[in-house]
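Visitor: What follows is start.cif, mmCIF, C-alpha atoms.
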data_target
loop_
_atom_site.label_atom_id
_atom_site.label_comp_id
_atom_site.auth_asym_id
_atom_site.auth_seq_id
_atom_site.Cartn_x
_atom_site.Cartn_y
_atom_site.Cartn_z
CA MET A 1113 176.71 188.80 175.10
CA LEU A 1114 173.08 189.58 175.92
CA LYS A 1115 172.37 193.20 175.01
CA THR A 1116 169.04 194.96 175.43
CA TYR A 1117 167.94 198.56 174.98
CA ALA A 1118 168.61 199.35 178.65
CA GLY A 1119 171.58 197.17 179.64
CA SER A 1120 173.80 194.17 178.98
CA TRP A 1121 175.16 190.95 180.46
CA ASP A 1122 178.14 188.93 179.27
CA ALA A 1123 177.73 185.49 180.87
CA ILE A 1124 181.05 184.07 179.60
CA THR A 1125 183.04 186.93 181.16
CA TRP A 1126 181.09 186.48 184.40
CA ILE A 1127 181.89 182.76 184.54
CA ILE A 1128 185.62 183.29 183.80
CA ALA A 1129 185.85 186.00 186.48
CA PHE A 1130 183.88 183.99 189.06
CA ILE A 1131 185.94 180.82 188.59
CA THR A 1132 189.25 182.74 188.78
CA ILE A 1133 188.16 184.58 191.94
CA ALA A 1134 186.91 181.32 193.46
CA ILE A 1135 190.36 179.78 192.83
CA VAL A 1136 192.07 182.79 194.49
CA VAL A 1137 189.70 182.54 197.47
CA TYR A 1138 190.36 178.78 197.66
CA ILE A 1139 194.11 179.46 197.80
CA ILE A 1140 193.55 182.07 200.56
CA ARG A 1141 191.43 179.49 202.41
CA SER A 1142 194.17 176.88 202.13
CA PHE A 1143 196.42 179.05 204.38
CA GLY A 1144 194.05 178.28 207.25
CA ARG A 1145 194.30 175.35 209.64
CA LYS A 1146 192.81 172.17 208.17
CA ASP A 1147 192.67 169.75 211.11
CA TYR A 1148 190.01 169.55 213.79
CA ARG A 1149 189.01 167.32 216.70
CA LYS A 1150 186.58 164.54 215.84
CA GLY A 1151 183.82 163.34 218.17
CA GLU A 1152 182.44 165.58 220.93
CA ALA A 1153 183.56 168.83 219.25
CA GLN A 1154 181.54 167.96 216.15
CA LYS A 1155 178.20 167.90 217.99
CA ALA A 1156 175.95 170.78 216.98
CA PHE A 1157 175.60 173.53 219.60
CA PHE A 1158 172.11 173.64 221.12
CA SER A 1159 172.67 175.39 224.47
CA GLY A 1160 173.77 172.15 226.12
CA GLU A 1161 170.71 170.15 225.03
CA ASP A 1162 170.93 167.00 222.94
CA VAL A 1163 170.22 167.64 219.28
CA LEU A 1164 167.82 165.30 217.52
CA SER A 1165 169.13 163.14 214.69
CA PRO A 1166 168.69 164.57 211.15
CA GLU A 1167 165.98 161.95 210.48
CA GLU A 1168 163.91 163.37 213.33
CA MET A 1169 164.42 167.03 212.39
CA HIS A 1170 162.26 168.15 209.49
CA VAL A 1171 161.95 171.68 208.18
CA ARG A 1172 158.65 171.92 206.36
CA ALA A 1173 158.11 174.40 203.53
CA SER A 1174 155.64 176.28 205.73
CA ASN A 1175 158.38 176.74 208.36
CA ILE A 1176 160.78 178.32 205.89
CA TYR A 1177 158.58 181.35 205.23
CA TRP A 1178 157.07 181.48 208.73
CA GLY A 1179 158.20 185.04 209.50
CA PHE A 1180 156.80 186.33 206.23
CA VAL A 1181 153.44 184.56 206.52
CA GLU A 1182 153.12 185.61 210.19
CA ALA A 1183 153.80 189.28 209.35
CA MET A 1184 151.33 189.22 206.46
CA LYS A 1185 148.70 187.06 208.16
CA GLY A 1186 145.95 189.66 207.68
CA TYR A 1187 146.54 189.59 203.93
CA TYR A 1188 146.79 185.77 203.81
CA ALA A 1189 143.59 185.38 205.87
CA TRP A 1190 141.77 187.62 203.40
CA MET A 1191 143.21 185.75 200.40
CA ARG A 1192 142.23 182.37 201.88
CA LYS A 1193 138.71 183.64 202.52
CA ILE A 1194 138.14 184.69 198.91
CA HIS A 1195 139.60 181.39 197.59
CA ASN A 1196 136.48 179.50 198.66
CA GLY A 1197 136.35 177.04 195.75
CA ILE A 1198 132.93 178.26 194.48
CA ILE A 1199 133.21 178.83 190.73
CA ASN A 1200 130.40 181.45 190.70
CA ASP A 1201 132.46 183.65 193.04
CA TYR A 1202 135.59 183.32 190.83
CA ILE A 1203 133.57 184.34 187.76
CA ALA A 1204 132.12 187.29 189.70
CA TRP A 1205 135.67 188.44 190.56
CA PHE A 1206 136.71 188.06 186.91
CA VAL A 1207 133.74 190.09 185.65
CA GLY A 1208 134.25 192.73 188.37
CA VAL A 1209 137.97 193.21 187.61
CA ALA A 1210 137.28 193.27 183.83
CA ALA A 1211 134.61 195.97 184.39
CA ILE A 1212 137.00 198.10 186.48
CA MET A 1213 139.76 197.78 183.86
CA PHE A 1214 137.29 198.70 181.11
CA ILE A 1215 136.18 201.83 183.02
CA VAL A 1216 139.81 202.87 183.74
CA PHE A 1217 140.87 202.47 180.09
CA PHE A 1218 137.67 204.13 178.86
CA ILE A 1219 138.26 207.18 181.10
CA GLN A 1220 141.90 207.36 179.96
CA GLU A 1221 140.82 207.41 176.29
CA VAL A 1222 138.13 210.05 176.99
CA ILE A 1223 140.71 212.28 178.76
CA LYS A 1224 143.11 211.97 175.79
CA MET B 993 186.59 188.76 173.51
CA ASN B 994 190.27 188.23 172.69
CA GLY B 995 193.34 186.81 174.45
CA GLU B 996 194.47 190.21 175.71
CA PHE B 997 191.06 190.84 177.31
CA ILE B 998 191.04 187.43 179.02
CA LEU B 999 194.60 187.94 180.32
CA LYS B 1000 193.68 191.38 181.69
CA LEU B 1001 190.52 189.93 183.27
CA VAL B 1002 192.43 187.08 184.94
CA LEU B 1003 195.04 189.54 186.31
CA GLU B 1004 192.27 191.74 187.70
CA CYS B 1005 190.63 188.67 189.23
CA ILE B 1006 193.88 187.84 191.02
CA LEU B 1007 194.44 191.38 192.35
CA LEU B 1008 190.85 192.49 193.10
CA PRO B 1009 190.19 189.98 195.95
CA PHE B 1010 193.15 191.35 197.96
CA PHE B 1011 192.06 194.94 197.28
CA ALA B 1012 188.44 194.14 198.23
CA ILE B 1013 189.34 192.19 201.37
CA PHE B 1014 191.74 194.92 202.53
CA PHE B 1015 189.19 197.72 202.17
CA GLY B 1016 186.37 195.52 203.50
CA LEU B 1017 188.25 194.74 206.70
CA LEU B 1018 189.36 198.37 207.01
CA LEU B 1019 185.72 199.51 206.82
CA LYS B 1020 184.76 196.92 209.43
CA GLY B 1021 187.51 198.28 211.70
CA ILE B 1022 186.35 201.88 211.23
CA ASP B 1023 182.73 200.85 211.84
CA ARG B 1024 183.56 198.99 215.05
CA LYS B 1025 185.66 201.88 216.37
CA LEU B 1026 182.98 204.47 215.57
CA VAL B 1027 180.14 202.45 217.09
CA ALA B 1028 182.22 201.93 220.24
CA ARG B 1029 182.86 205.69 220.50
CA MET B 1030 179.14 206.43 219.98
CA GLN B 1031 178.38 204.08 222.88
CA ALA B 1032 181.05 205.72 225.08
CA ARG B 1033 183.41 202.72 224.82
CA VAL B 1034 187.07 202.76 223.80
CA GLY B 1035 186.51 200.03 221.21
CA PRO B 1036 189.01 197.81 219.39
CA PRO B 1037 191.80 199.27 217.24
CA ILE B 1038 190.96 199.78 213.56
CA ARG B 1039 193.31 196.90 212.62
CA GLN B 1040 191.29 194.48 214.80
CA PRO B 1041 189.40 192.79 211.88
CA PHE B 1042 192.78 191.90 210.29
CA LEU B 1043 193.91 190.35 213.57
CA ASP B 1044 190.59 188.49 213.83
CA VAL B 1045 191.10 186.93 210.41
CA ILE B 1046 194.67 185.89 211.25
CA LYS B 1047 193.45 184.33 214.48
CA LEU B 1048 190.58 182.51 212.77
CA PHE B 1049 193.02 181.03 210.24
CA SER B 1050 194.94 179.48 213.13
CA LYS B 1051 191.81 177.93 214.71
CA GLU B 1052 190.29 174.50 214.10
CA ASN B 1053 187.87 174.28 211.18
CA ILE B 1054 185.27 172.01 212.80
CA VAL B 1055 182.69 170.32 210.56
CA PRO B 1056 179.55 169.15 212.48
CA GLU B 1057 178.96 165.40 212.42
CA HIS B 1058 175.63 165.55 210.54
CA ALA B 1059 176.59 168.41 208.21
CA VAL B 1060 176.40 168.10 204.42
CA LYS B 1061 180.15 168.48 204.22
CA TRP B 1062 180.67 169.73 200.67
CA ILE B 1063 177.95 172.39 200.88
CA TYR B 1064 179.09 173.36 204.37
CA ASN B 1065 182.67 173.92 203.13
CA ALA B 1066 181.81 175.40 199.73
CA MET B 1067 179.35 178.11 200.84
CA PRO B 1068 181.87 180.41 202.63
CA LEU B 1069 183.95 180.32 199.44
CA VAL B 1070 180.93 181.10 197.22
CA CYS B 1071 179.87 183.88 199.61
CA LEU B 1072 183.26 185.64 199.50
CA ALA B 1073 183.82 185.11 195.76
CA SER B 1074 180.36 186.48 194.84
CA SER B 1075 180.81 189.47 197.18
CA ILE B 1076 184.06 190.30 195.36
CA MET B 1077 182.36 189.79 191.96
CA VAL B 1078 179.99 192.71 192.66
CA LEU B 1079 182.96 195.10 192.64
CA PHE B 1080 183.72 194.28 188.99
CA TYR B 1081 180.56 196.07 187.87
CA ILE B 1082 180.66 199.10 190.18
CA PRO B 1083 182.69 202.28 189.52
CA LEU B 1084 185.32 202.59 192.29
CA GLY B 1085 186.44 206.13 191.58
CA PHE B 1086 187.25 204.95 188.03
CA PRO B 1087 185.03 203.20 185.42
CA PRO B 1088 183.93 199.65 186.36
CA LEU B 1089 186.50 196.95 185.53
CA LEU B 1090 183.85 195.10 183.54
CA ALA B 1091 182.07 198.17 182.14
CA GLY B 1092 179.75 197.15 179.32
CA HIS B 1093 179.75 193.48 180.41
CA GLY B 1094 177.03 193.77 183.04
CA ASP B 1095 174.55 196.28 184.41
CA LEU B 1096 172.65 197.21 187.55
CA VAL B 1097 170.22 194.29 187.19
CA LEU B 1098 173.18 191.88 187.20
CA VAL B 1099 174.54 193.60 190.33
CA LEU B 1100 171.14 193.03 192.00
CA TYR B 1101 171.33 189.32 191.16
CA ILE B 1102 174.96 188.97 192.31
CA LEU B 1103 174.06 190.69 195.60
CA ILE B 1104 171.59 187.85 196.27
CA ILE B 1105 174.27 185.12 195.98
CA PRO B 1106 176.10 185.84 199.31
CA SER B 1107 172.78 185.67 201.20
CA LEU B 1108 171.84 182.44 199.41
CA ALA B 1109 175.27 181.00 200.27
CA MET B 1110 174.69 181.83 203.94
CA ILE B 1111 171.25 180.20 203.81
CA ALA B 1112 172.61 177.03 202.15
CA GLY B 1113 175.53 176.93 204.60
CA GLY B 1114 173.11 177.32 207.53
CA PHE B 1115 170.84 174.48 206.38
CA ALA B 1116 173.89 172.30 205.61
CA SER B 1117 175.14 172.78 209.20
CA SER B 1118 172.41 170.46 210.51
CA SER B 1119 172.01 172.63 213.60
CA PRO B 1120 168.64 173.86 214.98
CA PHE B 1121 169.98 177.39 215.56
CA ALA B 1122 171.49 177.54 212.06
CA THR B 1123 168.24 176.27 210.54
CA VAL B 1124 166.22 178.99 212.27
CA GLY B 1125 168.87 181.53 211.20
CA ALA B 1126 168.71 180.36 207.58
CA GLN B 1127 164.89 180.68 207.59
CA ARG B 1128 165.17 184.19 208.99
CA GLU B 1129 167.83 185.15 206.44
CA MET B 1130 165.53 184.00 203.65
CA VAL B 1131 162.60 186.03 204.99
CA THR B 1132 164.83 189.10 205.47
CA MET B 1133 166.06 188.72 201.88
CA ILE B 1134 162.49 188.58 200.52
CA SER B 1135 161.69 191.66 202.59
CA TYR B 1136 164.43 194.03 201.48
CA GLU B 1137 164.43 192.96 197.81
CA LEU B 1138 161.12 194.77 197.12
CA PRO B 1139 162.21 198.31 198.16
CA LEU B 1140 165.69 197.69 196.70
CA SER B 1141 164.21 196.76 193.31
CA ILE B 1142 161.87 199.79 193.36
CA VAL B 1143 164.84 202.12 194.00
CA ILE B 1144 166.92 200.59 191.19
CA MET B 1145 164.02 200.61 188.71
CA SER B 1146 163.19 204.23 189.60
CA ILE B 1147 166.74 205.40 188.84
CA ALA B 1148 166.92 203.49 185.54
CA PHE B 1149 163.40 204.67 184.62
CA TYR B 1150 164.31 208.33 185.09
CA LEU B 1151 167.54 208.30 183.08
CA PRO B 1152 167.06 209.02 179.38
CA GLY B 1153 168.09 206.87 176.43
CA SER B 1154 169.63 203.43 176.16
CA ASN B 1155 172.08 201.96 178.69
CA SER B 1156 170.07 203.45 181.56
CA PHE B 1157 170.81 200.34 183.64
CA SER B 1158 174.57 200.64 183.05
CA LEU B 1159 176.34 201.78 186.23
CA ASP B 1160 178.98 203.52 184.14
CA PHE B 1161 176.21 205.52 182.48
CA ILE B 1162 174.41 206.23 185.78
CA SER B 1163 177.58 207.46 187.48
CA SER B 1164 178.45 209.73 184.56
CA HIS B 1165 174.94 211.31 184.64
CA PRO B 1166 174.40 212.44 188.24
CA LEU B 1167 170.66 212.52 188.89
CA TRP B 1168 170.75 215.54 191.22
CA ASN B 1169 171.81 217.73 188.27
CA SER B 1170 168.82 216.86 186.10
CA VAL B 1171 165.87 216.67 188.50
CA GLY B 1172 163.44 219.46 189.36
CA VAL B 1173 161.73 220.18 192.69
CA LEU B 1174 159.53 217.04 192.70
CA GLY B 1175 162.36 214.85 191.45
CA PHE B 1176 164.67 216.16 194.17
CA ALA B 1177 162.13 215.18 196.84
CA GLY B 1178 161.73 211.80 195.12
CA LEU B 1179 165.49 211.20 195.09
CA ILE B 1180 165.72 212.03 198.80
CA LEU B 1181 163.05 209.39 199.52
CA LEU B 1182 164.81 206.83 197.30
CA LEU B 1183 168.15 207.52 198.99
CA MET B 1184 166.56 207.12 202.42
CA SER B 1185 164.98 203.83 201.30
CA LEU B 1186 168.35 202.55 200.09
CA ILE B 1187 170.03 203.60 203.35
CA ILE B 1188 167.41 201.62 205.32
CA VAL B 1189 167.83 198.63 202.98
CA THR B 1190 171.60 198.63 203.60
CA PRO B 1191 171.60 197.14 207.16
CA GLY B 1192 169.18 194.45 205.95
CA GLU B 1193 171.36 193.56 202.99
CA LEU B 1194 174.45 193.47 205.23
CA ALA B 1195 172.69 191.64 208.12
CA LYS B 1196 173.44 194.46 210.58
CA VAL B 1197 171.43 195.72 213.55
CA PRO B 1198 168.43 196.29 213.55
CA PHE B 1199 167.92 193.75 210.74
CA ASP B 1200 170.38 191.09 211.92
CA VAL B 1201 167.59 188.70 212.91
CA ALA B 1202 169.29 185.86 211.02
CA GLU B 1203 172.33 186.00 213.31
CA ALA B 1204 170.86 187.43 216.55
CA GLU B 1205 173.62 186.38 218.98
CA THR B 1206 171.47 186.71 222.10
CA GLU B 1207 168.56 184.66 220.73
CA ILE B 1208 169.92 182.03 218.35
CA ALA B 1209 173.67 182.20 219.04
CA GLU B 1210 174.74 183.69 215.66
CA GLY B 1211 172.13 181.63 213.72
CA VAL B 1212 173.55 180.62 210.33
CA MET B 1213 177.10 181.11 211.62
CA VAL B 1214 176.71 179.07 214.84
CA GLU B 1215 178.61 175.98 213.65
CA TYR B 1216 181.21 177.76 211.53
CA SER B 1217 184.74 178.13 212.88
CA GLY B 1218 188.34 178.53 211.73
CA ARG B 1219 189.04 179.29 208.08
CA ASN B 1220 185.39 178.86 206.97
CA LEU B 1221 184.27 181.50 209.47
CA ALA B 1222 187.18 183.70 208.35
CA LEU B 1223 185.84 183.62 204.77
CA PHE B 1224 182.34 184.63 205.93
CA TYR B 1225 183.95 187.36 208.08
CA MET B 1226 185.88 188.74 205.11
CA ALA B 1227 182.77 188.47 202.90
CA ASP B 1228 180.91 190.62 205.42
CA GLY B 1229 183.55 193.36 205.06
CA VAL B 1230 183.58 193.10 201.26
CA LYS B 1231 179.77 193.35 201.17
CA ILE B 1232 179.92 196.58 203.22
CA PHE B 1233 182.46 197.96 200.74
CA ALA B 1234 180.44 196.81 197.70
CA PHE B 1235 177.06 198.08 198.88
CA ALA B 1236 178.40 201.45 200.07
CA SER B 1237 180.18 201.75 196.68
CA LEU B 1238 176.87 201.04 194.93
CA ILE B 1239 175.14 203.85 196.84
CA VAL B 1240 178.03 206.21 196.03
CA ALA B 1241 177.92 205.22 192.34
CA ILE B 1242 174.16 205.84 192.08
CA PHE B 1243 173.69 208.91 194.28
CA PHE B 1244 177.10 210.56 194.76
CA PRO B 1245 179.16 209.88 191.63
CA TYR B 1246 180.99 213.21 191.65
CA SER B 1247 184.76 213.44 191.18
CA ILE B 1248 187.06 215.86 192.95
CA SER B 1249 189.76 216.21 190.26
CA PRO B 1250 187.94 218.99 188.26
CA LEU B 1251 187.61 220.99 191.48
CA LEU B 1252 191.36 220.70 192.18
CA ASN B 1253 192.35 221.17 188.52
CA LEU B 1254 194.17 217.84 188.48
CA THR B 1255 194.83 215.69 185.43
CA GLY B 1256 196.42 212.32 184.63
CA LEU B 1257 197.61 210.04 187.41
CA TYR B 1258 197.15 212.69 190.13
CA ALA B 1259 193.50 213.06 189.11
CA ASP B 1260 192.97 209.27 189.31
CA ILE B 1261 194.58 209.08 192.76
CA ALA B 1262 192.56 212.08 194.05
CA ASN B 1263 189.32 210.64 192.64
CA PHE B 1264 189.98 207.24 194.20
CA LEU B 1265 190.77 208.73 197.64
CA PHE B 1266 187.66 210.92 197.38
CA PHE B 1267 185.64 207.82 196.48
CA ILE B 1268 186.93 205.95 199.56
CA LEU B 1269 186.01 208.97 201.71
CA LYS B 1270 182.47 208.92 200.29
CA VAL B 1271 182.21 205.17 200.93
CA VAL B 1272 183.24 205.69 204.58
CA ILE B 1273 180.67 208.50 205.00
CA VAL B 1274 177.90 206.38 203.43
CA MET B 1275 178.85 203.46 205.70
CA ILE B 1276 178.72 205.72 208.78
CA PHE B 1277 175.16 206.88 207.94
CA SER B 1278 173.76 203.57 206.68
CA VAL B 1279 175.46 201.12 209.08
CA SER B 1280 177.33 202.65 212.05
CA ILE B 1281 174.85 205.28 213.29
CA ILE B 1282 171.85 203.00 212.79
CA ARG B 1283 173.38 200.03 214.59
CA ALA B 1284 174.60 202.21 217.46
CA ALA B 1285 171.19 203.79 217.96
CA VAL B 1286 168.59 201.07 217.35
CA ALA B 1287 167.85 197.66 218.89
CA ARG B 1288 167.13 194.50 216.88
CA TYR B 1289 163.67 194.10 215.33
CA ARG B 1290 161.52 190.99 215.45
CA ILE B 1291 161.34 189.08 212.16
CA THR B 1292 157.69 190.12 211.62
CA SER B 1293 158.64 193.78 212.13
CA VAL B 1294 161.40 193.40 209.53
CA VAL B 1295 158.86 192.15 206.96
CA THR B 1296 156.23 194.83 207.63
CA GLY B 1297 158.94 197.51 207.93
CA TYR B 1298 160.38 196.74 204.50
CA TRP B 1299 157.21 195.71 202.64
CA VAL B 1300 154.98 198.46 203.96
CA THR B 1301 156.97 201.44 205.26
CA VAL B 1302 160.15 201.38 203.18
CA ALA B 1303 158.47 200.05 200.00
CA MET B 1304 155.82 202.80 200.28
CA MET B 1305 158.55 205.40 200.74
CA ALA B 1306 160.34 204.10 197.63
CA LEU B 1307 157.07 204.02 195.64
CA ILE B 1308 156.32 207.64 196.58
CA GLY B 1309 159.88 208.47 195.46
CA LEU B 1310 159.17 206.76 192.12
CA LEU B 1311 155.86 208.66 191.75
CA LEU B 1312 157.60 211.98 192.44
CA LEU B 1313 160.23 211.18 189.81
CA MET B 1314 157.47 210.34 187.30
CA TRP B 1315 155.65 213.60 188.05
CA ASP B 1316 158.96 215.43 187.72
CA MET B 1317 159.30 214.04 184.19
CA HIS B 1318 155.75 215.11 183.29
CA TYR B 1319 155.39 218.49 184.96
CA HIS B 1320 159.01 219.76 184.85
CA VAL B 1321 158.73 221.98 187.94
CA ARG B 1322 162.20 223.60 187.98
CA TRP B 1323 164.02 225.43 190.78
CA SER B 1324 163.85 228.81 189.01
#
As a first step, turn the structure in this file into structure tokens.

Guide:
Amino acid sequence: MLKTYAGSWDAITWIIAFITIAIVVYIIRSFGRKDYRKGEAQKAFFSGEDVLSPEEMHVRASNIYWGFVEAMKGYYAWMRKIHNGIINDYIAWFVGVAAIMFIVFFIQEVIK
Amino acid sequence: MNGEFILKLVLECILLPFFAIFFGLLLKGIDRKLVARMQARVGPPIRQPFLDVIKLFSKENIVPEHAVKWIYNAMPLVCLASSIMVLFYIPLGFPPLLAGHGDLVLVLYILIIPSLAMIAGGFASSSPFATVGAQREMVTMISYELPLSIVIMSIAFYLPGSNSFSLDFISSHPLWNSVGVLGFAGLILLLMSLIIVTPGELAKVPFDVAEAETEIAEGVMVEYSGRNLALFYMADGVKIFAFASLIVAIFFPYSISPLLNLTGLYADIANFLFFILKVVIVMIFSVSIIRAAVARYRITSVVTGYWVTVAMMALIGLLLLMWDMHYHVRWS
């Protein structure tokens, strides 16, 4: 068992419980009807339109997070702008952030 | 871990699914009836979800021709089993069945599994609508995880000593009793954040963008039918029960037996019934009223709503709790 100061996790117990519950759920599932019509009924629903074959349908990684990137496009545009590939700019950011951190920690120590 | 413990665990694993499914479907029935009444409709009878499951079991279980069959069939099972697993770590009017074997962080991880199962099932369907639904489900999940994590961390951060992530510990140390003025305001904000996270976690209106019947014809569920759909349907009910129980365990862990001077078995029964009542009330405020009153958001509004508005609200709640610890402004 993994035990830390704040909590715990027993992986073995979790696995035993999950497998047993999965078996119970599988038995419940087996009470349902197994058979189904082959052919026309198996075609994916697409509002009456023909669905492309799986080889022609590709979901790109950029599509998966589309909603997130679209909602945060202001942030992403800003991030892209500052990632300009010029090493001098990256060093300037590094020095700037280090200076801010130094000032913050310095003020904290002075207040103490 | 000894033989007696394993035997007890296996027995609980056999009984808990029936208990969880029963109460899950009952909550779904109450929710549907209440929402119908709020919208001036008669609504279905409370037993309707049970009848739905029976009907689904008698329907064909169609597998789409291009589906990845084993993932398509396995994911409803994983979704229901993982939803039931959450209940092992949450106090249900009595200490958690697996108290000391897992904490709140584990509950957070297990809560992700049903959503991941829906996403995998959607992609495995090989349907355009299901693919869009799975993408939306993933984005919704990323969105609500941030405020949810802030709320959980805030609670554990405030509680003193070790085991602060243990749900047994959290429910035996009600936060409302120990906070001052600032902490009380902070807890209100955290509770509100968790209530807004609930419809997202349970894929209910206004955050049901992944299913959106009128736009993408149930999204991830579009190709599911028969017994596979019945498992997802039951998992939905169990998730409502589990998440409402989690809110009760964190924010309203009070028992009624001391108030009624009950002891022994009567106290356990009274506490359990009181717990179910609290779960129903939490469900009404976090699911029923919201879905009766609000229309569905766009996916971009879901992201900005959770990442900006709700996350900010939760962060302010965390700040207030921190200030409460430092400044100790008491009520009197």

Visitor: Just checking: using all atoms listed in the file, which residue out of B:Pro1245, B:Pro1037, B:Pro1120, B:Gly1178 ends up closest to B:Ile1308?

Guide: B:Gly1178

Visitor: Which residues of chain B have any atom within 6 Å of an atom in chain A when counting all atoms listed in the file, and what is the closest pair of atoms for each, with the distance in Å to one decimal? Order the rows by chain and rising number and write it as JSON lines.

Guide:
{"residue": "B:Cys1005", "atom": "CA", "partner": "A:Ile1133", "partner_atom": "CA", "distance": 5.5}
{"residue": "B:Phe1049", "atom": "CA", "partner": "A:Gly1144", "partner_atom": "CA", "distance": 4.2}
{"residue": "B:Ser1050", "atom": "CA", "partner": "A:Arg1145", "partner_atom": "CA", "distance": 5.4}
{"residue": "B:Glu1052", "atom": "CA", "partner": "A:Tyr1148", "partner_atom": "CA", "distance": 5.0}
{"residue": "B:Asn1053", "atom": "CA", "partner": "A:Tyr1148", "partner_atom": "CA", "distance": 5.8}
{"residue": "B:Ile1054", "atom": "CA", "partner": "A:Tyr1148", "partner_atom": "CA", "distance": 5.4}
{"residue": "B:Pro1056", "atom": "CA", "partner": "A:Gln1154", "partner_atom": "CA", "distance": 4.3}
{"residue": "B:Glu1057", "atom": "CA", "partner": "A:Gln1154", "partner_atom": "CA", "distance": 5.2}
{"residue": "B:Ala1073", "atom": "CA", "partner": "A:Ala1134", "partner_atom": "CA", "distance": 5.4}
{"residue": "B:His1093", "atom": "CA", "partner": "A:Asp1122", "partner_atom": "CA", "distance": 5.0}
{"residue": "B:Gly1094", "atom": "CA", "partner": "A:Trp1121", "partner_atom": "CA", "distance": 4.3}
{"residue": "B:Asp1095", "atom": "CA", "partner": "A:Gly1119", "partner_atom": "CA", "distance": 5.7}
{"residue": "B:Ser1119", "atom": "CA", "partner": "A:Ala1156", "partner_atom": "CA", "distance": 5.5}
{"residue": "B:Gln1127", "atom": "CA", "partner": "A:Ile1176", "partner_atom": "CA", "distance": 5.0}
{"residue": "B:Val1131", "atom": "CA", "partner": "A:Phe1180", "partner_atom": "CA", "distance": 5.9}
{"residue": "B:Ser1154", "atom": "CA", "partner": "A:Ala1118", "partner_atom": "CA", "distance": 4.9}
{"residue": "B:Asn1155", "atom": "CA", "partner": "A:Ala1118", "partner_atom": "CA", "distance": 4.3}
{"residue": "B:Ser1156", "atom": "CA", "partner": "A:Ala1118", "partner_atom": "CA", "distance": 5.2}
{"residue": "B:Phe1157", "atom": "CA", "partner": "A:Gly1119", "partner_atom": "CA", "distance": 5.2}
{"residue": "B:Ser1158", "atom": "CA", "partner": "A:Gly1119", "partner_atom": "CA", "distance": 5.7}
{"residue": "B:Arg1219", "atom": "CA", "partner": "A:Gly1144", "partner_atom": "CA", "distance": 5.2}
{"residue": "B:Ile1291", "atom": "CA", "partner": "A:Gly1179", "partner_atom": "CA", "distance": 5.8}
{"residue": "B:Thr1292", "atom": "CA", "partner": "A:Ala1183", "partner_atom": "CA", "distance": 4.6}

Visitor: Could you put an axis-aligned box around every listed atom of stretch 1185-1190 of chain A, padded by 3 Å on each side, and send me its centre and edge lengths in Å to one decimal, as AutoDock Vina command-line options?

Guide:
--center_x 145.2 --center_y 187.5 --center_z 205.8 --size_x 12.9 --size_y 10.3 --size_z 10.8

Visitor: For each of B:Leu1167, B:Leu1183, B:Ala1028, B:Leu1221, take the minimum atom-to-atom distance to B:Asp1044, counting only C-alpha atoms, then give the residue where this is smallest.

Guide: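 When distances to B:Asp1044 are compared using only C-alpha atoms, the smallest one comes from B:Leu1221.
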
Visitor: Take atom CA of B:Ser1280 and atom CA of B:Phe1176 and report the distance between them in Å, one decimal.

Guide: 25.7 Å

Visitor: Rounded to one decimal in Å, what is the spacing between atom CA of B:Val1097 and atom CA of B:Val1171?

Guide: 22.8 Å

Visitor: What does the distance from atom CA of B:Leu1269 to atom CA of B:Ala1012 come to in Å, to one decimal?

Guide: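 Atom-to-atom, atom CA of B:Leu1269 and atom CA of B:Ala1012 are spaced 15.4 Å apart.
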
Visitor: From the set B:Gln1031, B:Thr1206, B:Ser1117, B:Ser1075, which residue has the shortest atom-to-atom contact distance to B:Arg1288, counting only C-alpha atoms?

Guide: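 Result for the nearest residue to B:Arg1288: B:Thr1206.
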
Visitor: Could you tell me which residues the PyMOL selection byres ((chain B and resi 1272) around 9) grabs in this file, written as a PyMOL selection string?

Guide: chain B and resi 1019+1022-1023+1233+1236+1267-1271+1273-1277

Visitor: Tell me, as a list of chain:residue names, which residues lie within 10 Å of B:Met1133, counting only C-alpha atoms; anything in the same chain fewer than 2 positions away does not count.

Guide: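 Result of the neighbour search: B:Ile1104, B:Ser1107, B:Leu1108, B:Gln1127, B:Arg1128, B:Glu1129, B:Met1130, B:Val1131, B:Ser1135, B:Tyr1136, B:Glu1137, B:Leu1138, B:Gly1192, B:Glu1193, B:Ala1195, B:Val1295.
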